[in-house]
>>> print(open('query.txt').read())   # compact mmCIF, C-alpha atoms
# COMPACT_ATOMS: atom_id res chain seq x y z
CA MET J 1 129.88 99.62 54.14
CA VAL J 2 128.46 98.16 57.33
CA ARG J 3 124.97 99.20 58.25
CA ALA J 4 124.25 99.82 61.90
CA HIS J 5 121.21 97.99 63.19
CA ALA J 6 118.93 99.82 65.58
CA ALA J 7 119.06 98.37 69.08
CA GLU J 8 115.99 96.46 70.10
CA PRO J 9 113.94 98.25 72.76
CA PRO J 10 114.45 96.77 76.23
CA LEU J 11 111.90 94.28 77.48
CA PRO J 12 109.54 95.89 80.00
CA THR J 13 110.24 94.77 83.56
CA SER J 14 106.62 93.68 83.91
CA GLN J 15 107.17 91.10 81.14
CA SER J 16 110.57 89.86 82.35
CA LEU J 17 111.32 86.33 83.47
CA ARG J 18 112.85 87.66 86.70
CA LEU J 19 109.60 89.29 87.78
CA GLY J 20 107.56 86.33 86.51
CA VAL J 21 109.51 83.96 88.74
CA LEU J 22 109.05 86.23 91.79
CA LEU J 23 105.32 86.55 91.19
CA ALA J 24 104.94 82.79 90.67
CA LEU J 25 106.66 82.22 94.02
CA VAL J 26 104.11 84.54 95.61
CA GLY J 27 101.20 82.90 93.78
CA GLY J 28 102.13 79.40 94.89
CA ALA J 29 102.68 80.51 98.48
CA LEU J 30 99.31 82.31 98.64
CA ASP J 31 97.47 79.16 97.56
CA ALA J 32 99.38 77.10 100.11
CA PHE J 33 98.62 79.64 102.85
CA THR J 34 94.85 79.53 102.41
CA PHE J 35 94.83 75.75 101.93
CA VAL J 36 96.88 74.97 105.03
CA ALA J 37 95.58 77.63 107.41
CA HIS J 38 92.09 78.45 106.18
CA GLY J 39 89.93 75.46 105.48
CA GLY J 40 91.61 73.75 102.54
CA VAL J 41 90.56 76.46 100.09
CA PHE J 42 92.51 77.62 97.05
CA ALA J 43 91.88 81.37 96.92
CA ASN J 44 93.84 82.17 93.76
CA ALA J 45 91.73 80.38 91.14
CA GLN J 46 87.96 80.58 91.30
CA THR J 47 87.19 77.44 89.27
CA GLY J 48 86.88 75.31 92.39
CA ASN J 49 84.69 77.87 94.14
CA ILE J 50 82.33 78.05 91.17
CA VAL J 51 82.16 74.23 91.02
CA LEU J 52 81.36 74.06 94.73
CA LEU J 53 78.76 76.80 94.28
CA GLY J 54 77.09 74.78 91.53
CA ILE J 55 77.15 71.54 93.52
CA ALA J 56 75.74 73.19 96.64
CA ALA J 57 72.99 74.90 94.63
CA ALA J 58 72.06 71.63 92.91
CA ARG J 59 71.71 69.96 96.30
CA GLY J 60 69.66 72.81 97.70
CA GLN J 61 72.38 73.65 100.22
CA TRP J 62 71.94 77.37 99.84
CA ALA J 63 73.98 78.40 102.87
CA GLN J 64 77.02 76.57 101.48
CA ALA J 65 76.35 78.00 98.02
CA VAL J 66 76.25 81.54 99.35
CA GLY J 67 79.45 80.84 101.30
CA GLN J 68 81.35 80.51 98.01
CA LEU J 69 80.30 83.95 96.80
CA PRO J 70 82.61 86.23 98.86
CA ALA J 71 85.83 84.89 97.32
CA ILE J 72 84.36 85.00 93.81
CA LEU J 73 83.14 88.56 94.27
CA ALA J 74 86.49 89.63 95.78
CA PHE J 75 88.23 88.24 92.70
CA VAL J 76 85.87 90.22 90.46
CA VAL J 77 86.55 93.41 92.43
CA GLY J 78 90.28 92.80 92.08
CA VAL J 79 89.93 92.61 88.29
CA PHE J 80 87.99 95.89 88.29
CA VAL J 81 90.72 97.56 90.35
CA ALA J 82 93.52 96.27 88.13
CA GLU J 83 91.73 97.33 84.95
CA SER J 84 90.92 100.73 86.43
CA LEU J 85 94.63 101.34 87.01
CA LYS J 86 95.14 101.02 83.25
CA ARG J 87 92.45 103.52 82.24
CA PRO J 88 94.01 106.57 80.54
CA ARG J 89 92.84 109.07 83.16
CA VAL J 90 93.92 106.89 86.08
CA ALA J 91 97.19 105.88 84.41
CA ALA J 92 97.97 109.55 83.79
CA ALA J 93 97.63 110.20 87.51
CA VAL J 94 99.28 107.01 88.75
CA ARG J 95 101.89 106.98 85.93
CA ARG J 96 103.15 103.51 86.88
CA PRO J 97 100.16 101.12 87.09
CA ALA J 98 102.23 97.93 87.43
CA ARG J 99 104.14 99.34 90.37
CA ALA J 100 100.91 100.65 91.87
CA ALA J 101 99.49 97.13 91.70
CA LEU J 102 102.52 95.74 93.52
CA VAL J 103 102.25 98.44 96.19
CA LEU J 104 98.57 97.57 96.65
CA GLU J 105 99.44 93.87 97.04
CA ILE J 106 102.14 94.70 99.58
CA ALA J 107 99.76 96.88 101.59
CA VAL J 108 97.02 94.23 101.65
CA LEU J 109 99.33 91.37 102.65
CA ALA J 110 101.04 93.54 105.28
CA GLY J 111 97.58 94.16 106.72
CA VAL J 112 96.78 90.43 106.91
CA ALA J 113 100.15 89.24 108.23
CA PRO J 114 99.62 90.50 111.83
CA ALA J 115 96.05 89.13 111.98
CA PRO J 116 95.37 86.81 114.94
CA ALA J 117 94.95 83.08 114.39
CA ASN J 118 91.21 83.27 115.08
CA THR J 119 90.53 85.65 112.19
CA PRO J 120 87.52 84.28 110.25
CA ASP J 121 88.54 82.14 107.30
CA THR J 122 86.11 83.92 105.00
CA LEU J 123 87.71 87.32 105.65
CA VAL J 124 91.23 86.06 104.96
CA ILE J 125 90.19 84.16 101.83
CA VAL J 126 88.41 87.24 100.48
CA VAL J 127 91.51 89.39 100.97
CA ILE J 128 93.81 86.80 99.37
CA ALA J 129 91.42 86.32 96.44
CA PHE J 130 91.43 90.08 95.87
CA THR J 131 95.24 90.19 95.99
CA ALA J 132 95.60 87.28 93.56
CA SER J 133 93.10 88.90 91.21
CA VAL J 134 95.03 92.18 91.09
CA GLN J 135 98.25 90.29 90.38
CA VAL J 136 96.89 88.02 87.66
CA SER J 137 95.07 90.89 85.94
CA THR J 138 98.10 93.17 85.91
CA PHE J 139 100.92 90.83 84.92
CA ARG J 140 99.72 88.77 81.98
CA ARG J 141 102.64 88.45 79.57
CA LEU J 142 105.94 86.61 79.92
CA VAL J 143 108.30 88.07 77.30
CA ASP J 144 106.08 87.46 74.24
CA THR J 145 103.44 84.99 75.47
CA ALA J 146 100.43 85.18 77.77
CA TYR J 147 100.89 83.47 81.13
CA ASN J 148 99.53 83.32 84.67
CA THR J 149 101.30 83.89 87.98
CA THR J 150 98.62 82.58 90.35
CA MET J 151 97.67 79.27 88.71
CA THR J 152 99.64 76.90 86.57
CA THR J 153 97.41 74.86 84.24
CA GLY J 154 97.78 77.19 81.26
CA ASN J 155 101.50 77.60 81.92
CA LEU J 156 101.95 73.83 81.92
CA ARG J 157 100.11 73.57 78.61
CA THR J 158 102.28 76.27 77.03
CA ALA J 159 105.49 74.72 78.37
CA THR J 160 104.49 71.31 77.02
CA GLN J 161 103.46 72.66 73.61
CA SER J 162 106.71 74.60 73.34
CA ALA J 163 108.80 71.60 74.36
CA TYR J 164 107.03 69.50 71.73
CA LYS J 165 107.78 72.07 69.00
CA ALA J 166 111.37 72.37 70.19
CA VAL J 167 111.93 68.62 69.88
CA ILE J 168 109.87 67.83 66.77
CA ASP J 169 110.42 71.02 64.75
CA ARG J 170 113.81 71.99 66.23
CA ASP J 171 112.30 75.39 66.97
CA ARG J 172 114.77 77.44 69.01
CA GLY J 173 112.16 80.01 69.94
CA ALA J 174 109.92 77.26 71.29
CA ALA J 175 112.84 75.81 73.25
CA ARG J 176 113.46 79.21 74.83
CA ARG J 177 109.78 79.57 75.65
CA ALA J 178 109.63 76.08 77.18
CA GLY J 179 112.54 76.97 79.45
CA GLN J 180 110.95 80.24 80.52
CA PHE J 181 107.62 78.63 81.35
CA GLY J 182 109.38 75.74 83.04
CA ALA J 183 111.08 78.26 85.33
CA VAL J 184 107.75 79.88 86.20
CA ILE J 185 106.13 76.50 86.92
CA ALA J 186 109.08 75.48 89.10
CA ALA J 187 108.84 78.78 90.99
CA PHE J 188 105.13 78.19 91.63
CA LEU J 189 105.94 74.73 92.99
CA VAL J 190 108.71 76.07 95.22
CA GLY J 191 106.40 78.83 96.45
CA ALA J 192 103.67 76.31 97.27
CA SER J 193 106.09 73.99 99.10
CA GLY J 194 107.82 76.74 101.02
CA GLY J 195 104.58 78.57 101.72
CA GLY J 196 102.96 75.43 103.07
CA LEU J 197 105.89 74.68 105.38
CA LEU J 198 106.14 78.25 106.63
CA THR J 199 102.39 78.54 107.18
CA ALA J 200 102.40 75.38 109.29
CA ALA J 201 105.31 76.77 111.30
CA VAL J 202 104.47 80.45 111.78
CA GLY J 203 100.93 80.96 110.46
CA ALA J 204 100.03 84.29 108.88
CA ARG J 205 103.48 85.69 109.60
CA MET J 206 104.55 83.75 106.51
CA LEU J 207 102.99 86.59 104.52
CA TRP J 208 105.86 88.87 105.52
CA VAL J 209 108.08 86.73 103.29
CA LEU J 210 105.73 87.43 100.38
CA VAL J 211 105.79 91.14 101.19
CA GLY J 212 109.57 90.94 100.89
CA LEU J 213 109.35 89.17 97.51
CA LEU J 214 106.94 91.78 96.17
CA ALA J 215 109.21 94.55 97.46
CA LEU J 216 112.04 92.89 95.54
CA GLY J 217 109.80 93.03 92.47
CA LEU J 218 109.40 96.77 92.99
CA ALA J 219 113.16 97.08 93.28
CA LEU J 220 113.52 95.43 89.86
CA PHE J 221 111.43 98.22 88.31
CA VAL J 222 113.57 100.89 89.95
CA TYR J 223 116.83 99.16 88.98
CA ASP J 224 115.79 98.67 85.36
CA GLU J 225 114.55 102.24 85.07
CA GLY J 226 117.81 103.58 86.48
CA ARG J 227 119.83 101.45 84.09
CA GLN J 228 117.75 102.46 81.08
CA PHE J 229 117.24 106.14 81.85
CA GLY J 230 120.24 106.92 84.05
CA PRO J 231 123.13 109.29 83.28
CA ALA J 232 124.66 106.86 80.79
CA ALA J 233 121.50 107.15 78.71
CA GLY J 234 121.61 110.92 78.73
CA GLY J 235 119.55 111.42 81.86
CA ALA J 236 116.24 110.95 80.08
CA ALA J 237 113.27 110.67 82.34
CA ALA J 238 111.25 107.49 82.42
CA GLY J 239 107.96 107.61 80.61
CA PRO J 240 104.70 106.66 82.30
CA GLU J 241 103.74 103.04 82.36
CA THR J 242 101.14 101.90 79.90
CA GLY J 243 99.50 99.26 82.02
CA THR J 244 102.71 97.25 82.35
CA ASP J 245 106.14 98.80 82.63
CA GLN J 246 107.75 101.83 81.03
CA ALA J 247 106.91 102.69 77.46
CA ALA J 248 105.25 99.84 75.64
CA VAL J 249 107.43 97.77 73.31
CA PRO J 250 106.45 95.64 70.35
CA VAL J 251 105.97 91.97 71.16
CA THR J 252 105.88 88.89 69.02
CA VAL J 253 102.72 86.97 69.79
CA VAL J 254 102.55 83.27 69.07
CA PRO J 255 98.88 82.77 68.17
CA ASP J 256 98.59 79.09 69.01
CA LEU J 257 100.22 79.55 72.39
CA VAL J 258 98.36 82.59 73.68
CA ARG J 259 95.64 81.74 76.17
CA ARG J 260 92.43 83.63 75.54
>>> encode(input="query.txt", output="structure tokens")
Amino acid sequence: MVRAHAAEPPLPTSQSLRLGVLLALVGGALDAFTFVAHGGVFANAQTGNIVLLGIAAARGQWAQAVGQLPAILAFVVGVFVAESLKRPRVAAAVRRPARAALVLEIAVLAGVAPAPANTPDTLVIVVIAFTASVQVSTFRRLVDTAYNTTMTTGNLRTATQSAYKAVIDRDRGAARRAGQFGAVIAAFLVGASGGGLLTAAVGARMLWVLVGLLALGLALFVYDEGRQFGPAAGGAAAGPETGTDQAAVPVTVVPDLVRR
């Protein structure tokens, strides 16, 4: 007698490699945009801004120190917004927090794209820092491992650790993970290269390309939901998102690879 095995629940779209690659493209391009067009600043990660804040304060250059605060505060506000979308009461009203975050990103970038070339750098950097914060706070897991779509240091560490385990221990799961993270890192690099070239050529209009990529990310949610809950599946309605995609699914966490 052959026992039927229950089908594994589908991976949420928000944790899929396809969406991770799209978001990494956007993350790399956003950093390139602010660096090339707005004073050599990386708006995605706030480490550099905090270092510059500390250096300026130590030198008594208070005006420069204060100048680092807007981007840092915008990043903090973005985290608050992303976390608020996951609160039970808000999630019950929004129903699809991950998609709401993408819509918010699209709206913000669409508002910046037509901005004239003389728009103050500080204003643009604040808006981009907010956008990056919403993205990084909403999409935090690639399949079964924590990752980042707006900076790449942690991803590089995870890819390298996984590759090591794949070679030394012949760990197939680690090999798969190394490939997934390698794809995300490569996407970030391509986004940075393409974003830098497009920014130099067309300025802020480059952001329309990122709007298109994020819209494609939204389309992935709709496509996956239709495939999972369409007529072939009995016409069941999609459940509300639980801070990521549709109904939450169990994940296998690798303790020594998860970034805290």
>>> residues_around(input="query.txt", residues="range 121-131 of chain J", least_positions_apart="4", cutoff="8 Å", atoms="all atoms listed in the file", output="list in words")
Leu30, Thr34, His38, Gly39, Val41, Ala43, Asn44, Ala45, Pro70, Ala71, Ile72, Ala74, Phe75, Val76, Val77, Gly78, Glu105, Val108, Leu109, Val112 and Gln135 of chain J
>>> closest_residue(input="query.txt", among="J:Thr138, J:Gln46, J:Ser14, J:Asn118", to="Leu73 in chain J", atoms="only C-alpha atoms")
J:Gln46
>>> atom_distance(input="query.txt", atom1="CA of Gln15 in chain J", atom2="CA of Ala98 in chain J")
10.5 Å
>>> atom_distance(input="query.txt", atom1="CA of Thr160 in chain J", atom2="CA of Ala178 in chain J")
7.0 Å
>>> atom_distance(input="query.txt", atom1="CA of Ala93 in chain J", atom2="CA of Gln228 in chain J")
22.5 Å
>>> closest_residue(input="query.txt", among="J:Ile185, J:Leu210, J:Ala24, J:Leu216", to="Arg99 in chain J", atoms="all atoms listed in the file")
J:Leu216
>>> residues_around(input="query.txt", residues="Ala159 in chain J", least_positions_apart="5", cutoff="8 Å", atoms="all atoms listed in the file", output="compact mmCIF listing (two decimals) with C-alpha atoms, in the frame of the given file")
# COMPACT_ATOMS: atom_id res chain seq x y z
CA ARG J 177 109.78 79.57 75.65
CA ALA J 178 109.63 76.08 77.18
CA GLY J 179 112.54 76.97 79.45
CA PHE J 181 107.62 78.63 81.35
CA GLY J 182 109.38 75.74 83.04
>>> closest_residue(input="query.txt", among="J:Ala100, J:Ala91, J:Asn155, J:Pro10", to="Gly217 in chain J", atoms="all atoms listed in the file")
J:Ala100
>>> closest_residue(input="query.txt", among="J:Thr199, J:Gln180, J:Ser133, J:Thr158", to="Glu83 in chain J", atoms="all atoms listed in the file")
J:Ser133
>>> closest_residue(input="query.txt", among="J:Pro9, J:Leu214, J:Arg87, J:Ala37", to="Ala200 in chain J", atoms="only C-alpha atoms")
J:Ala37
>>> closest_residue(input="query.txt", among="J:Val81, J:Ala65, J:Leu17, J:Leu198", to="Thr145 in chain J", atoms="all atoms listed in the file")
J:Leu17
>>> residues_around(input="query.txt", residues="range 186-196 of chain J", least_positions_apart="2", cutoff="7 Å", atoms="only C-alpha atoms", output="PyMOL selection string")
chain J and resi 21+24-29+31-33+36+182-184+198-200
>>> build_atoms(input="query.txt", residues="range 205-222 of chain J", atoms="N, CA, C and O atoms", output="PDB file, in the coordinates of the input")
ATOM      1  N   ARG J 205     102.219  84.943 109.698  1.00  0.00           N
ATOM      2  CA  ARG J 205     103.480  85.690 109.600  1.00  0.00           C
ATOM      3  C   ARG J 205     104.279  85.296 108.353  1.00  0.00           C
ATOM      4  O   ARG J 205     105.192  86.009 107.928  1.00  0.00           O
ATOM      5  N   MET J 206     103.929  84.150 107.771  1.00  0.00           N
ATOM      6  CA  MET J 206     104.550  83.750 106.510  1.00  0.00           C
ATOM      7  C   MET J 206     104.365  84.814 105.429  1.00  0.00           C
ATOM      8  O   MET J 206     105.196  84.967 104.530  1.00  0.00           O
ATOM      9  N   LEU J 207     103.275  85.573 105.540  1.00  0.00           N
ATOM     10  CA  LEU J 207     102.990  86.590 104.520  1.00  0.00           C
ATOM     11  C   LEU J 207     104.040  87.682 104.463  1.00  0.00           C
ATOM     12  O   LEU J 207     104.184  88.351 103.435  1.00  0.00           O
ATOM     13  N   TRP J 208     104.789  87.870 105.553  1.00  0.00           N
ATOM     14  CA  TRP J 208     105.860  88.870 105.520  1.00  0.00           C
ATOM     15  C   TRP J 208     106.933  88.476 104.501  1.00  0.00           C
ATOM     16  O   TRP J 208     107.571  89.355 103.899  1.00  0.00           O
ATOM     17  N   VAL J 209     107.134  87.188 104.305  1.00  0.00           N
ATOM     18  CA  VAL J 209     108.080  86.730 103.290  1.00  0.00           C
ATOM     19  C   VAL J 209     107.598  87.157 101.906  1.00  0.00           C
ATOM     20  O   VAL J 209     108.384  87.618 101.067  1.00  0.00           O
ATOM     21  N   LEU J 210     106.293  87.050 101.673  1.00  0.00           N
ATOM     22  CA  LEU J 210     105.730  87.430 100.380  1.00  0.00           C
ATOM     23  C   LEU J 210     105.796  88.945 100.190  1.00  0.00           C
ATOM     24  O   LEU J 210     106.015  89.422  99.064  1.00  0.00           O
ATOM     25  N   VAL J 211     105.611  89.688 101.267  1.00  0.00           N
ATOM     26  CA  VAL J 211     105.790  91.140 101.190  1.00  0.00           C
ATOM     27  C   VAL J 211     107.210  91.465 100.738  1.00  0.00           C
ATOM     28  O   VAL J 211     107.432  92.349  99.903  1.00  0.00           O
ATOM     29  N   GLY J 212     108.182  90.727 101.282  1.00  0.00           N
ATOM     30  CA  GLY J 212     109.570  90.940 100.890  1.00  0.00           C
ATOM     31  C   GLY J 212     109.811  90.613  99.416  1.00  0.00           C
ATOM     32  O   GLY J 212     110.526  91.345  98.720  1.00  0.00           O
ATOM     33  N   LEU J 213     109.200  89.535  98.921  1.00  0.00           N
ATOM     34  CA  LEU J 213     109.350  89.170  97.510  1.00  0.00           C
ATOM     35  C   LEU J 213     108.746  90.229  96.595  1.00  0.00           C
ATOM     36  O   LEU J 213     109.318  90.581  95.557  1.00  0.00           O
ATOM     37  N   LEU J 214     107.579  90.744  96.983  1.00  0.00           N
ATOM     38  CA  LEU J 214     106.940  91.780  96.170  1.00  0.00           C
ATOM     39  C   LEU J 214     107.750  93.080  96.213  1.00  0.00           C
ATOM     40  O   LEU J 214     107.837  93.790  95.210  1.00  0.00           O
ATOM     41  N   ALA J 215     108.341  93.372  97.369  1.00  0.00           N
ATOM     42  CA  ALA J 215     109.210  94.550  97.460  1.00  0.00           C
ATOM     43  C   ALA J 215     110.431  94.380  96.552  1.00  0.00           C
ATOM     44  O   ALA J 215     110.887  95.350  95.929  1.00  0.00           O
ATOM     45  N   LEU J 216     110.937  93.154  96.458  1.00  0.00           N
ATOM     46  CA  LEU J 216     112.040  92.890  95.540  1.00  0.00           C
ATOM     47  C   LEU J 216     111.595  93.113  94.095  1.00  0.00           C
ATOM     48  O   LEU J 216     112.364  93.621  93.268  1.00  0.00           O
ATOM     49  N   GLY J 217     110.343  92.758  93.799  1.00  0.00           N
ATOM     50  CA  GLY J 217     109.800  93.030  92.470  1.00  0.00           C
ATOM     51  C   GLY J 217     109.766  94.524  92.182  1.00  0.00           C
ATOM     52  O   GLY J 217     110.118  94.955  91.078  1.00  0.00           O
ATOM     53  N   LEU J 218     109.373  95.315  93.151  1.00  0.00           N
ATOM     54  CA  LEU J 218     109.400  96.770  92.990  1.00  0.00           C
ATOM     55  C   LEU J 218     110.818  97.265  92.739  1.00  0.00           C
ATOM     56  O   LEU J 218     111.053  98.153  91.913  1.00  0.00           O
ATOM     57  N   ALA J 219     111.771  96.677  93.454  1.00  0.00           N
ATOM     58  CA  ALA J 219     113.160  97.080  93.280  1.00  0.00           C
ATOM     59  C   ALA J 219     113.649  96.793  91.858  1.00  0.00           C
ATOM     60  O   ALA J 219     114.475  97.545  91.318  1.00  0.00           O
ATOM     61  N   LEU J 220     113.151  95.730  91.235  1.00  0.00           N
ATOM     62  CA  LEU J 220     113.520  95.430  89.860  1.00  0.00           C
ATOM     63  C   LEU J 220     113.099  96.564  88.920  1.00  0.00           C
ATOM     64  O   LEU J 220     113.849  96.939  88.008  1.00  0.00           O
ATOM     65  N   PHE J 221     111.888  97.092  89.134  1.00  0.00           N
ATOM     66  CA  PHE J 221     111.430  98.220  88.310  1.00  0.00           C
ATOM     67  C   PHE J 221     112.373  99.407  88.460  1.00  0.00           C
ATOM     68  O   PHE J 221     112.758 100.033  87.471  1.00  0.00           O
ATOM     69  N   VAL J 222     112.717  99.731  89.701  1.00  0.00           N
ATOM     70  CA  VAL J 222     113.570 100.890  89.950  1.00  0.00           C
ATOM     71  C   VAL J 222     114.962 100.679  89.349  1.00  0.00           C
ATOM     72  O   VAL J 222     115.533 101.575  88.715  1.00  0.00           O
TER      73      VAL J 222
END
